[in-house]
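Data from data_26.csv: CSV, C-alpha atoms
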```csv
chain,number,residue,atom,x,y,z
M,1,MET,CA,31.4,-29.3,152.7
M,2,ASP,CA,28.9,-31.8,151.5
M,3,ARG,CA,28.8,-34.1,148.6
M,4,THR,CA,27.4,-31.5,146.3
M,5,ASP,CA,30.7,-29.6,146.5
M,6,ASP,CA,32.6,-32.7,145.4
M,7,VAL,CA,30.3,-33.4,142.5
M,8,LEU,CA,30.4,-29.8,141.4
M,9,ARG,CA,34.2,-29.6,141.7
M,10,GLU,CA,34.4,-32.6,139.5
M,11,LEU,CA,31.9,-31.1,137.1
M,12,PHE,CA,33.9,-28.0,136.7
M,13,ALA,CA,37.2,-29.7,136.2
M,14,VAL,CA,37.1,-29.4,132.4
M,15,PRO,CA,40.4,-30.3,130.8
M,16,ALA,CA,41.6,-27.6,128.4
M,17,PRO,CA,42.4,-28.8,124.8
M,18,PRO,CA,46.1,-29.3,124.5
M,19,THR,CA,46.2,-26.9,121.6
M,20,LEU,CA,45.0,-24.0,123.7
M,21,PRO,CA,48.4,-22.7,125.1
M,22,GLY,CA,49.8,-22.6,121.5
M,23,ARG,CA,46.8,-20.7,120.2
M,24,VAL,CA,47.0,-18.2,123.1
M,25,ARG,CA,50.7,-17.6,122.3
M,26,ALA,CA,50.0,-17.1,118.6
M,27,ALA,CA,47.1,-14.7,119.4
M,28,LEU,CA,49.4,-12.6,121.6
M,29,ARG,CA,52.0,-12.4,118.9
M,30,ARG,CA,49.5,-11.1,116.3
M,31,PRO,CA,49.3,-7.4,116.6
M,32,ALA,CA,45.9,-5.9,117.4
M,33,PRO,CA,44.2,-4.5,114.3
M,34,THR,CA,44.7,-0.8,113.9
M,35,LEU,CA,41.7,1.4,113.0
M,36,GLU,CA,43.2,1.8,109.5
M,37,THR,CA,43.2,-1.9,108.8
M,38,LEU,CA,39.6,-2.1,110.0
M,39,ALA,CA,38.6,0.0,106.9
M,40,ASP,CA,38.7,-3.2,104.8
M,41,ARG,CA,36.2,-4.9,106.9
M,42,PHE,CA,33.4,-2.5,106.1
M,43,ARG,CA,30.9,-3.3,103.3
M,44,PHE,CA,28.9,-0.7,101.6
M,45,GLU,CA,25.6,-0.6,99.8
M,46,ALA,CA,24.7,2.3,97.6
M,47,THR,CA,22.0,3.5,95.3
M,48,GLU,CA,22.2,6.2,92.6
M,49,ARG,CA,21.7,8.8,95.2
M,50,GLY,CA,24.3,7.8,97.7
M,51,VAL,CA,25.5,5.2,100.3
M,52,SER,CA,22.5,3.6,101.8
M,53,ARG,CA,24.0,1.0,104.1
M,54,LEU,CA,27.3,0.3,105.9
M,55,VAL,CA,27.9,-3.0,107.6
M,56,TYR,CA,30.9,-4.4,109.5
M,57,GLY,CA,32.2,-7.8,108.8
M,58,ARG,CA,31.3,-10.3,106.2
M,59,GLY,CA,28.8,-9.3,103.5
M,60,ARG,CA,28.6,-8.4,99.9
M,61,GLU,CA,28.8,-5.0,98.4
M,62,VAL,CA,25.6,-4.0,96.6
M,63,ALA,CA,25.8,-1.2,94.2
M,64,ALA,CA,25.0,-0.5,90.5
M,65,GLY,CA,25.9,2.3,88.1
M,66,ARG,CA,26.6,5.5,89.9
M,67,GLY,CA,26.2,3.7,93.2
M,68,ARG,CA,29.5,2.0,92.5
M,69,ARG,CA,31.2,5.4,92.4
M,70,HIS,CA,29.7,6.3,95.7
M,71,VAL,CA,31.0,3.1,97.2
M,72,GLU,CA,34.5,3.8,95.9
M,73,GLN,CA,34.4,7.3,97.3
M,74,ALA,CA,33.1,6.1,100.6
M,75,ARG,CA,35.8,3.5,100.9
M,76,VAL,CA,38.5,6.1,100.3
M,77,GLU,CA,37.0,8.6,102.7
M,78,LEU,CA,36.4,6.1,105.4
M,79,GLY,CA,40.0,4.8,105.1
M,80,GLU,CA,41.3,8.4,105.4
M,81,TYR,CA,39.0,9.1,108.3
M,82,LEU,CA,40.1,6.0,110.2
M,83,ALA,CA,43.7,6.9,109.5
M,84,GLY,CA,43.2,10.3,111.1
M,85,ARG,CA,43.6,12.1,107.8
M,86,ARG,CA,40.0,13.3,107.3
M,87,THR,CA,37.5,15.0,109.6
M,88,PHE,CA,34.4,15.0,107.3
M,89,PHE,CA,32.7,13.0,104.6
M,90,THR,CA,31.7,14.4,101.2
M,91,VAL,CA,30.2,11.1,99.8
M,92,PRO,CA,26.4,11.5,99.5
M,93,VAL,CA,24.3,9.4,101.8
M,94,ASP,CA,20.9,8.0,100.8
M,95,LEU,CA,18.5,7.8,103.7
M,96,GLY,CA,15.5,7.2,101.5
M,97,GLY,CA,14.4,4.0,103.3
M,98,VAL,CA,14.0,5.5,106.8
M,99,ALA,CA,10.9,6.8,108.5
M,100,ALA,CA,10.3,10.5,109.1
M,101,PHE,CA,11.3,10.6,112.7
M,102,GLN,CA,14.5,8.6,112.2
M,103,ASP,CA,15.3,10.8,109.3
M,104,GLN,CA,15.1,13.9,111.5
M,105,VAL,CA,17.2,12.2,114.2
M,106,LEU,CA,19.9,11.2,111.7
M,107,ALA,CA,19.9,14.6,110.1
M,108,GLU,CA,20.5,16.2,113.5
M,109,ALA,CA,23.2,13.7,114.4
M,110,ARG,CA,25.0,14.6,111.2
M,111,ARG,CA,25.3,18.2,112.4
M,112,ILE,CA,27.3,17.1,115.5
M,113,PRO,CA,30.8,18.2,114.5
M,114,PHE,CA,33.9,15.9,114.3
M,115,GLY,CA,35.3,15.6,117.8
M,116,ALA,CA,32.2,16.8,119.7
M,117,VAL,CA,29.7,14.7,121.5
M,118,SER,CA,26.1,15.1,122.4
M,119,SER,CA,23.6,13.1,124.5
M,120,TYR,CA,20.5,11.3,123.5
M,121,ALA,CA,18.4,13.8,125.5
M,122,ALA,CA,20.2,16.8,124.0
M,123,LEU,CA,19.5,15.5,120.5
M,124,ALA,CA,15.9,14.9,121.4
M,125,ARG,CA,15.6,18.5,122.6
M,126,ARG,CA,17.2,19.8,119.4
M,127,ILE,CA,14.6,18.1,117.2
M,128,GLY,CA,11.8,19.5,119.4
M,129,HIS,CA,10.9,16.2,121.1
M,130,PRO,CA,12.4,16.7,124.5
M,131,GLN,CA,10.7,13.6,125.9
M,132,ALA,CA,11.9,11.3,123.2
M,133,ALA,CA,15.5,10.5,124.3
M,134,ARG,CA,14.8,6.8,124.2
M,135,ALA,CA,13.2,7.0,120.8
M,136,VAL,CA,16.2,9.0,119.6
M,137,GLY,CA,18.4,6.2,120.9
M,138,ASN,CA,16.4,3.6,119.0
M,139,ALA,CA,16.6,5.7,115.8
M,140,LEU,CA,20.3,6.0,116.1
M,141,GLY,CA,20.7,2.3,116.9
M,142,ALA,CA,19.0,1.6,113.6
M,143,ASN,CA,21.3,4.0,111.7
M,144,PRO,CA,21.9,2.3,108.3
M,145,VAL,CA,25.1,4.2,107.7
M,146,PRO,CA,27.1,4.4,110.9
M,147,VAL,CA,30.3,6.4,110.9
M,148,LEU,CA,29.2,8.4,107.9
M,149,VAL,CA,26.2,9.5,110.0
M,150,PRO,CA,28.1,9.9,113.2
M,151,CYS,CA,25.8,8.2,115.7
M,152,HIS,CA,29.0,7.3,117.7
M,153,ARG,CA,29.1,11.0,118.7
M,154,VAL,CA,25.9,10.5,120.7
M,155,ILE,CA,26.5,9.2,124.2
M,156,ARG,CA,24.4,8.8,127.4
M,157,GLY,CA,23.6,11.8,129.5
M,158,ASP,CA,25.6,10.4,132.4
M,159,GLY,CA,28.7,10.4,130.3
M,160,THR,CA,28.9,6.7,129.7
M,161,TRP,CA,29.0,5.5,126.1
M,162,GLY,CA,25.7,3.6,125.7
M,163,HIS,CA,25.3,1.1,122.9
M,164,TYR,CA,27.0,1.1,119.6
M,165,ALA,CA,26.2,-1.1,116.6
M,166,PHE,CA,29.8,-2.0,116.1
M,167,GLY,CA,30.5,-2.5,119.8
M,168,ALA,CA,31.5,-0.2,122.6
M,169,ALA,CA,35.2,-0.8,122.0
M,170,LEU,CA,34.9,0.7,118.5
M,171,LYS,CA,32.9,3.6,119.7
M,172,THR,CA,35.7,4.4,122.2
M,173,ARG,CA,38.3,4.2,119.5
M,174,LEU,CA,36.4,6.4,117.1
M,175,LEU,CA,35.9,9.1,119.8
M,176,ALA,CA,39.5,8.9,120.8
M,177,LEU,CA,40.6,9.2,117.2
M,178,GLU,CA,38.4,12.3,116.8
M,179,ARG,CA,39.9,13.8,119.9
M,180,ALA,CA,43.4,13.2,118.6
M,181,THR,CA,42.9,14.4,115.0
M,182,PRO,CA,43.3,18.1,114.2
M,183,LEU,CA,40.2,19.8,113.0
M,184,LEU,CA,41.4,22.6,110.7
M,185,VAL,CA,44.7,22.9,108.8
M,186,GLY,CA,46.1,26.1,107.4
M,187,ASP,CA,48.6,26.7,104.7
M,188,THR,CA,51.2,29.3,105.8
M,189,ARG,CA,51.9,30.4,102.2
M,190,THR,CA,48.3,30.7,100.7
M,191,ARG,CA,46.9,31.6,104.2
M,192,ILE,CA,43.9,29.5,103.5
M,193,VAL,CA,42.4,27.3,106.2
M,194,CYS,CA,40.8,24.0,105.3
M,195,ARG,CA,39.0,21.2,107.1
M,196,HIS,CA,41.5,18.4,107.8
M,197,GLY,CA,41.2,16.1,104.8
M,198,CYS,CA,40.3,18.7,102.1
M,199,ARG,CA,42.2,18.1,98.9
M,200,ASN,CA,43.3,21.7,98.8
M,201,GLY,CA,44.7,21.5,102.3
M,202,ARG,CA,46.7,18.4,101.3
M,203,ARG,CA,48.7,20.4,98.7
M,204,ALA,CA,50.4,22.2,101.4
M,205,GLY,CA,53.6,20.4,102.4
M,206,GLU,CA,54.2,19.4,106.0
M,207,ASP,CA,56.5,22.4,106.6
M,208,ARG,CA,53.7,24.8,105.5
M,209,ARG,CA,51.0,23.3,107.7
M,210,VAL,CA,49.5,24.9,110.8
M,211,VAL,CA,46.7,23.6,112.9
M,212,PHE,CA,43.7,25.7,114.0
M,213,ALA,CA,41.0,25.0,116.6
M,214,SER,CA,38.4,27.2,114.9
M,215,VAL,CA,37.8,29.3,111.8
M,216,ALA,CA,37.6,32.4,114.1
M,217,ASP,CA,41.1,31.6,115.4
M,218,ALA,CA,42.4,31.3,111.8
M,219,ALA,CA,40.6,34.5,110.7
M,220,GLY,CA,42.2,36.3,113.7
M,221,VAL,CA,45.6,35.8,112.2
M,222,GLY,CA,44.6,36.6,108.7
M,223,TYR,CA,43.6,33.2,107.2
M,224,ARG,CA,40.5,32.9,105.0
M,225,ALA,CA,38.3,29.8,104.6
M,226,CYS,CA,38.8,27.4,101.8
M,227,GLN,CA,36.1,27.6,99.0
M,228,VAL,CA,36.1,23.8,98.5
M,229,CYS,CA,35.6,22.4,102.0
M,230,ARG,CA,34.0,25.5,103.4
M,231,PRO,CA,35.0,25.3,107.0
M,232,ALA,CA,32.7,27.2,109.3
M,233,ASP,CA,32.3,27.5,113.1
M,234,ASP,CA,29.0,26.3,114.4
M,235,PRO,CA,27.1,29.4,115.4
M,236,GLU,CA,25.4,27.3,118.2
M,237,PRO,CA,28.3,25.4,119.6
M,238,TRP,CA,27.9,21.7,120.4
M,239,SER,CA,28.9,21.1,123.9
M,240,SER,CA,31.7,18.7,124.8
M,241,ASP,CA,29.7,18.4,127.9
M,242,PRO,CA,27.7,15.2,127.3
M,243,THR,CA,24.7,16.3,129.3
M,244,GLY,CA,24.2,19.1,126.7
M,245,ARG,CA,22.9,21.4,129.4
M,246,PRO,CA,23.2,25.1,128.5
M,247,ARG,CA,26.3,26.5,130.2
A,1,MET,CA,54.3,-5.9,132.9
A,2,ASP,CA,56.4,-6.8,129.8
A,3,GLU,CA,55.2,-9.0,126.9
A,4,ARG,CA,57.2,-12.0,128.0
A,5,ALA,CA,55.8,-12.0,131.5
A,6,PHE,CA,52.3,-11.6,130.2
A,7,ALA,CA,52.7,-14.5,127.8
A,8,ARG,CA,53.9,-16.8,130.7
A,9,LEU,CA,51.0,-15.7,132.8
A,10,ALA,CA,48.5,-16.3,129.9
A,11,GLU,CA,49.8,-19.9,129.5
A,12,GLU,CA,49.7,-20.5,133.2
A,13,TYR,CA,46.1,-19.4,133.5
A,14,ALA,CA,44.7,-20.6,130.1
A,15,GLY,CA,43.6,-23.9,131.4
A,16,ARG,CA,41.6,-22.6,134.3
A,17,LEU,CA,40.2,-19.7,132.3
A,18,TYR,CA,39.1,-22.3,129.7
A,19,ALA,CA,37.3,-24.5,132.3
A,20,VAL,CA,35.4,-21.4,133.6
A,21,ALA,CA,34.5,-20.4,130.1
A,22,TYR,CA,33.5,-23.9,129.0
A,23,ARG,CA,31.0,-24.2,131.9
A,24,LEU,CA,29.6,-20.8,131.2
A,25,LEU,CA,29.3,-21.1,127.4
A,26,GLY,CA,28.7,-24.8,127.0
A,27,ASN,CA,31.0,-25.6,124.0
A,28,ARG,CA,34.6,-25.8,123.2
A,29,ALA,CA,34.8,-23.3,120.3
A,30,ASP,CA,33.1,-20.5,122.2
A,31,ALA,CA,35.1,-21.2,125.3
A,32,GLU,CA,38.4,-21.1,123.4
A,33,ASP,CA,37.3,-17.9,121.7
A,34,ALA,CA,36.4,-16.3,125.0
A,35,VAL,CA,39.7,-17.2,126.6
A,36,GLN,CA,41.6,-15.6,123.7
A,37,ARG,CA,39.5,-12.5,123.7
A,38,ALA,CA,39.9,-12.0,127.4
A,39,LEU,CA,43.6,-12.5,127.3
A,40,LEU,CA,44.0,-10.1,124.4
A,41,LYS,CA,42.0,-7.5,126.3
A,42,CYS,CA,44.3,-7.9,129.3
A,43,PHE,CA,47.3,-7.9,127.0
A,44,ALA,CA,46.2,-4.6,125.4
A,45,ALA,CA,45.6,-3.1,128.8
A,46,ARG,CA,48.6,-4.6,130.5
A,47,ALA,CA,50.2,-1.2,131.0
A,48,SER,CA,47.3,-0.1,133.2
A,49,TYR,CA,47.5,-3.3,135.3
A,50,SER,CA,47.9,-2.2,138.9
A,51,ALA,CA,49.6,-4.5,141.4
A,52,GLN,CA,46.9,-3.9,144.0
A,53,TRP,CA,44.8,-6.4,142.2
A,54,ALA,CA,45.7,-10.1,142.2
A,55,VAL,CA,46.6,-11.2,138.7
A,56,SER,CA,43.9,-13.9,138.9
A,57,THR,CA,41.3,-11.3,139.8
A,58,TRP,CA,42.2,-9.2,136.7
A,59,LEU,CA,42.2,-12.2,134.3
A,60,TYR,CA,39.0,-13.7,135.7
A,61,ARG,CA,37.2,-10.4,135.6
A,62,ALA,CA,38.1,-9.9,131.9
A,63,LEU,CA,37.0,-13.5,131.2
A,64,THR,CA,33.7,-13.4,133.0
A,65,ASN,CA,32.9,-10.1,131.3
A,66,VAL,CA,33.6,-11.6,127.9
A,67,CYS,CA,31.5,-14.7,128.7
A,68,ILE,CA,28.6,-12.8,130.1
A,69,ASP,CA,28.6,-10.5,127.1
A,70,GLU,CA,28.5,-13.5,124.8
A,71,LEU,CA,25.6,-15.0,126.8
A,72,ARG,CA,23.7,-11.8,126.5
A,73,ARG,CA,24.4,-11.6,122.8
A,74,ARG,CA,23.3,-15.2,122.4
A,75,ARG,CA,20.1,-14.4,124.2
A,76,VAL,CA,19.3,-11.7,121.7
A,77,ARG,CA,20.3,-13.8,118.7
A,78,THR,CA,18.3,-16.9,119.8
A,79,ASP,CA,15.4,-14.9,121.2
A,80,GLY,CA,15.6,-16.2,124.7
A,81,VAL,CA,16.4,-19.8,124.0
A,82,GLU,CA,19.9,-20.7,125.1
A,83,PRO,CA,21.4,-23.5,123.0
A,84,PRO,CA,21.7,-26.7,124.9
A,85,ALA,CA,25.1,-27.3,126.4
A,86,GLU,CA,27.2,-29.7,124.5
A,87,ALA,CA,27.9,-32.9,126.4
A,88,ALA,CA,31.0,-32.8,128.5
A,89,THR,CA,34.2,-33.7,126.6
A,90,ARG,CA,34.8,-36.6,129.0
A,91,PRO,CA,32.3,-39.4,129.0
A,92,PRO,CA,30.0,-39.0,132.0
A,93,ALA,CA,31.2,-41.0,134.9
A,94,ILE,CA,27.7,-41.2,136.2
A,95,GLY,CA,24.4,-40.4,134.7
A,96,GLU,CA,24.0,-37.3,136.8
A,97,ARG,CA,26.7,-35.5,134.8
A,98,ILE,CA,24.5,-34.9,131.8
A,99,ASP,CA,21.6,-33.8,134.1
A,100,LEU,CA,23.9,-31.5,135.9
A,101,THR,CA,25.3,-29.9,132.7
A,102,ARG,CA,21.7,-29.3,131.6
A,103,ALA,CA,20.7,-28.0,135.0
A,104,LEU,CA,23.7,-25.6,135.0
A,105,ALA,CA,22.4,-24.0,131.8
A,106,SER,CA,19.2,-23.1,133.7
A,107,VAL,CA,21.2,-21.3,136.5
A,108,PRO,CA,21.1,-17.5,136.0
A,109,ARG,CA,24.2,-16.1,134.3
A,110,GLU,CA,25.7,-14.3,137.3
A,111,ALA,CA,25.3,-17.3,139.6
A,112,ARG,CA,26.7,-19.6,137.0
A,113,ALA,CA,29.8,-17.4,136.6
A,114,LEU,CA,30.3,-17.4,140.4
A,115,LEU,CA,29.8,-21.2,140.6
A,116,ALA,CA,32.4,-21.7,137.9
A,117,LEU,CA,35.0,-19.5,139.5
A,118,HIS,CA,34.4,-21.0,142.9
A,119,TYR,CA,34.7,-24.6,141.8
A,120,VAL,CA,37.4,-24.3,139.2
A,121,ASP,CA,39.9,-22.3,141.1
A,122,GLY,CA,38.5,-22.5,144.7
A,123,LEU,CA,38.3,-18.7,144.9
A,124,ASP,CA,36.9,-17.4,148.1
A,125,TYR,CA,33.9,-15.0,148.5
A,126,ARG,CA,36.1,-11.9,148.8
A,127,GLU,CA,37.9,-12.6,145.6
A,128,LEU,CA,34.7,-13.5,143.8
A,129,ALA,CA,33.2,-10.2,144.9
A,130,ARG,CA,36.2,-8.3,143.6
A,131,ILE,CA,36.1,-10.1,140.3
A,132,ARG,CA,32.5,-9.5,139.6
A,133,GLY,CA,32.4,-6.0,141.2
A,134,ILE,CA,29.6,-7.0,143.7
A,135,SER,CA,29.3,-7.3,147.4
A,136,VAL,CA,30.3,-10.3,149.4
A,137,ASN,CA,26.8,-10.8,150.5
A,138,THR,CA,25.6,-10.9,146.9
A,139,VAL,CA,28.2,-13.4,146.1
A,140,LYS,CA,27.0,-15.6,149.0
A,141,SER,CA,23.3,-15.4,148.0
A,142,GLN,CA,24.0,-15.9,144.3
A,143,LEU,CA,26.2,-19.0,145.0
A,144,ALA,CA,23.6,-20.4,147.3
A,145,ARG,CA,20.9,-19.9,144.8
A,146,GLY,CA,23.0,-21.6,142.0
A,147,LYS,CA,23.9,-24.5,144.3
A,148,ALA,CA,20.3,-25.0,145.3
A,149,ILE,CA,19.2,-25.4,141.7
A,150,LEU,CA,22.0,-28.0,141.1
A,151,LYS,CA,21.3,-29.8,144.4
A,152,ARG,CA,17.7,-30.3,143.4
A,153,VAL,CA,18.8,-32.1,140.3
A,154,LEU,CA,21.3,-34.2,142.3
A,155,GLN,CA,18.6,-35.2,144.7
A,156,ALA,CA,16.1,-35.9,142.0
A,157,GLY,CA,18.6,-38.3,140.5
A,158,GLY,CA,18.4,-40.5,143.6
A,159,HIS,CA,21.2,-39.0,145.6
A,160,ASP,CA,20.6,-37.2,148.8
A,161,GLY,CA,23.5,-34.9,148.3
A,162,SER,CA,24.8,-35.1,151.8
A,163,ASP,CA,26.5,-38.5,152.2
```
Translate the structure described by the file into structure tokens.
Amino acid sequence: MDRTDDVLRELFAVPAPPTLPGRVRAALRRPAPTLETLADRFRFEATERGVSRLVYGRGREVAAGRGRRHVEQARVELGEYLAGRRTFFTVPVDLGGVAAFQDQVLAEARRIPFGAVSSYAALARRIGHPQAARAVGNALGANPVPVLVPCHRVIRGDGTWGHYAFGAALKTRLLALERATPLLVGDTRTRIVCRHGCRNGRRAGEDRRVVFASVADAAGVGYRACQVCRPADDPEPWSSDPTGRPR
Amino acid sequence: MDERAFARLAEEYAGRLYAVAYRLLGNRADAEDAVQRALLKCFAARASYSAQWAVSTWLYRALTNVCIDELRRRRVRTDGVEPPAEAATRPPAIGERIDLTRALASVPREARALLALHYVDGLDYRELARIRGISVNTVKSQLARGKAILKRVLQAGGHDGSD
């Protein structure tokens, strides 16, 4: 014990503001935002061709003409997705402003199905640049339209999450949501199987709905694929093994 | 742990958590924000709290993680220049307080977190190691390094630091 200890103890004795306990109490009483309520915090930018940017938090919506329609559609679809009522997006995305390599990475990321994950290295291999895992990570990090282009489905090879533009916590919640949401929904009367979120599939009442894991499963019991949302099994299945090594 | 018990715990620790956060982040607004965020995190995860951890370890761990994340974010935002720490809320008793506050900002993040935990709540090496998920020896060397930086400032201010 020397004098330094005393001086430091005094330095660190910062009195808390008297309002702090009250604020803490109030914060604990406020319920944590659900994913669904988060939908309102996203801001979109869109061009004639599609949604060109998605940002979280404060910001202004930028869209003109047909772009406005894209924004409205994106908002509805994103809300349904976050509420666990949709597994795919139909709103067009405009990636006009990105460089060729990033475009390739984002296009490949869009192919990762709902509920699956891939690794940066596996994605790099798929686009024919096996050494470029880090560059793939950078390209995904600069993804102008997160969620719609599912860069959250790309995680690190060791199974940890890696970075996410909207924070690791949101990445966890999105992946958990996708794990918990059914992929395919069949109508027991029409015997048509739809991707979860398809407007046709919604016509079926709760009592007529069945859940399938794959189109092949559904076909096995006599269901045919919906002509609107066109569900299809990936011929080259995405691994749920994050290392993406061939099994 | 039920909600009531957690709320009591939060109030009991809020002051100490604030002191740690204040010395790490350097201003009142960020410190209050960090305390709230850390407590909310613990609150959300209270079901998974296991009694083999001391409550203080659990809360301080969440808090230091939040603070260090914030410092890291700040570093990116300001491109390496950390904002100068606000002067202490109390008027400096002696001139050295301002120098010390400034010197503290130059102590590496990890060491600063350990110093704050050690001097605010008198936590021992073992508990500090558990909170930060590092070894006891790392705690010792980091603390010594942080203290050495501050000690130099004290001595430069005309105090020999050992009276």
What would the list of residues within 6 Å of (21.8, 7.5, 105.0) (file frame) look like as a PyMOL selection string, if only C-alpha atoms are what count? chain M and resi 52+93-95+145
Would you mind exporting the chosen residues as an mmCIF file, keeping the file's coordinate frame, restricted to C-alpha atoms?
```
data_model
loop_
_atom_site.group_PDB
_atom_site.id
_atom_site.type_symbol
_atom_site.label_atom_id
_atom_site.label_comp_id
_atom_site.auth_asym_id
_atom_site.auth_seq_id
_atom_site.Cartn_x
_atom_site.Cartn_y
_atom_site.Cartn_z
ATOM 1 C CA SER M 52 22.500 3.600 101.800
ATOM 2 C CA VAL M 93 24.300 9.400 101.800
ATOM 3 C CA ASP M 94 20.900 8.000 100.800
ATOM 4 C CA LEU M 95 18.500 7.800 103.700
ATOM 5 C CA VAL M 145 25.100 4.200 107.700
#
```
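Nearest to chain M of all the residues A:Arg132, A:Arg72, A:Lys140, A:His118 is A:His118, counting all atoms listed in the file.
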Can you tell me, as a ChimeraX atom specification, what residues are no more than 10 Å from stretch 8-14 of chain A when counting only C-alpha atoms, ignoring any on the same chain fewer than 6 positions away? /M:16,20-25,28 /A:20,32,35-36,38-40,42-43,55-56,59-60
To one decimal place in Å, what is the distance between atom CA of A:Thr64 and atom CA of A:Tyr49?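 Atom-to-atom, atom CA of A:Thr64 and atom CA of A:Tyr49 are spaced 17.3 Å apart.
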Chain M contacts on chain A, only C-alpha atoms, 10 Å, as a PyMOL selection string: chain A and resi 3+6-8+10-23+28+31-33+35-37+39-41+43-44+88-90+92+96-98+100-101+115-122+147-148+150-151+154-155+159-163
Out of M:Ala109, M:Val185, M:Ala83, M:Ala180, which residue has the shortest atom-to-atom distance to M:His152 when counting all atoms listed in the file?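 Closest residue, counting all atoms listed in the file: M:Ala109.
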Just to confirm, what's the straight-line distance from atom CA of A:Gly26 to atom CA of A:Ala156 in Å (one decimal)?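 Between atom CA of A:Gly26 and atom CA of A:Ala156 the gap is 22.5 Å.
You can rank A:Asp2, A:Glu70, A:Asp99, A:Glu110 by their closest distance to A:Ala47 using all atoms listed in the file, and at the top of that list sits A:Asp2.
Here the residues that fall within 6 Å of (19.1, 14.4, 118.3), using all atoms listed in the file, are given as M:Val105, M:Glu108, M:Ala109, M:Leu123, M:Ala124, M:Arg126, M:Ile127.
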For the selection just defined, write its residues with C-alpha atoms to a file, as a compact mmCIF listing (two decimals), in the frame of the given file.
```txt
# COMPACT_ATOMS: atom_id res chain seq x y z
CA VAL M 105 17.20 12.20 114.20
CA GLU M 108 20.50 16.20 113.50
CA ALA M 109 23.20 13.70 114.40
CA LEU M 123 19.50 15.50 120.50
CA ALA M 124 15.90 14.90 121.40
CA ARG M 126 17.20 19.80 119.40
CA ILE M 127 14.60 18.10 117.20
```
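For the pair atom CA of M:Gly50 and atom CA of M:Gly141, the separation is 20.3 Å.
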M:Asp103: which residues within 10 Å, counting all atoms listed in the file, same-chain residues fewer than 6 positions away excluded, as a VMD selection string? chain M and resid 95 to 97 109 139 to 140 143
Calculated over all atoms listed in the file, which of the candidates M:Phe101, M:Arg68, M:His163, M:Arg208 has the smallest distance to M:Gly128?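 Among M:Phe101, M:Arg68, M:His163, M:Arg208, it is M:Phe101 that comes nearest to M:Gly128.
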What lies within 9 Å of M:Ala204 using all atoms listed in the file, ignoring chain neighbours under 5 positions off, as a list of chain:residue names? M:Gly186, M:Asp187, M:Thr188, M:Arg189, M:Thr190, M:Arg209
Applying 10 Å and all atoms listed in the file, which residues near M:Val147 remain after dropping the ones on its own chain fewer than 5 positions away? List them as a ChimeraX atom specification. /M:54,78,81-82,89,110,152-153,166,171,174
Spatial neighbours of M:Arg53, max dist 6 Å, all atoms listed in the file, sep filter under 6 positions, as a PyMOL selection string: chain M and resi 44-45+144-145
Using only C-alpha atoms, find the one residue out of A:Ile68, A:Ala144, A:Ala54, A:Ile149 that sits nearest to A:Arg126.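 Nearest candidate to A:Arg126 out of A:Ile68, A:Ala144, A:Ala54, A:Ile149: A:Ala54.
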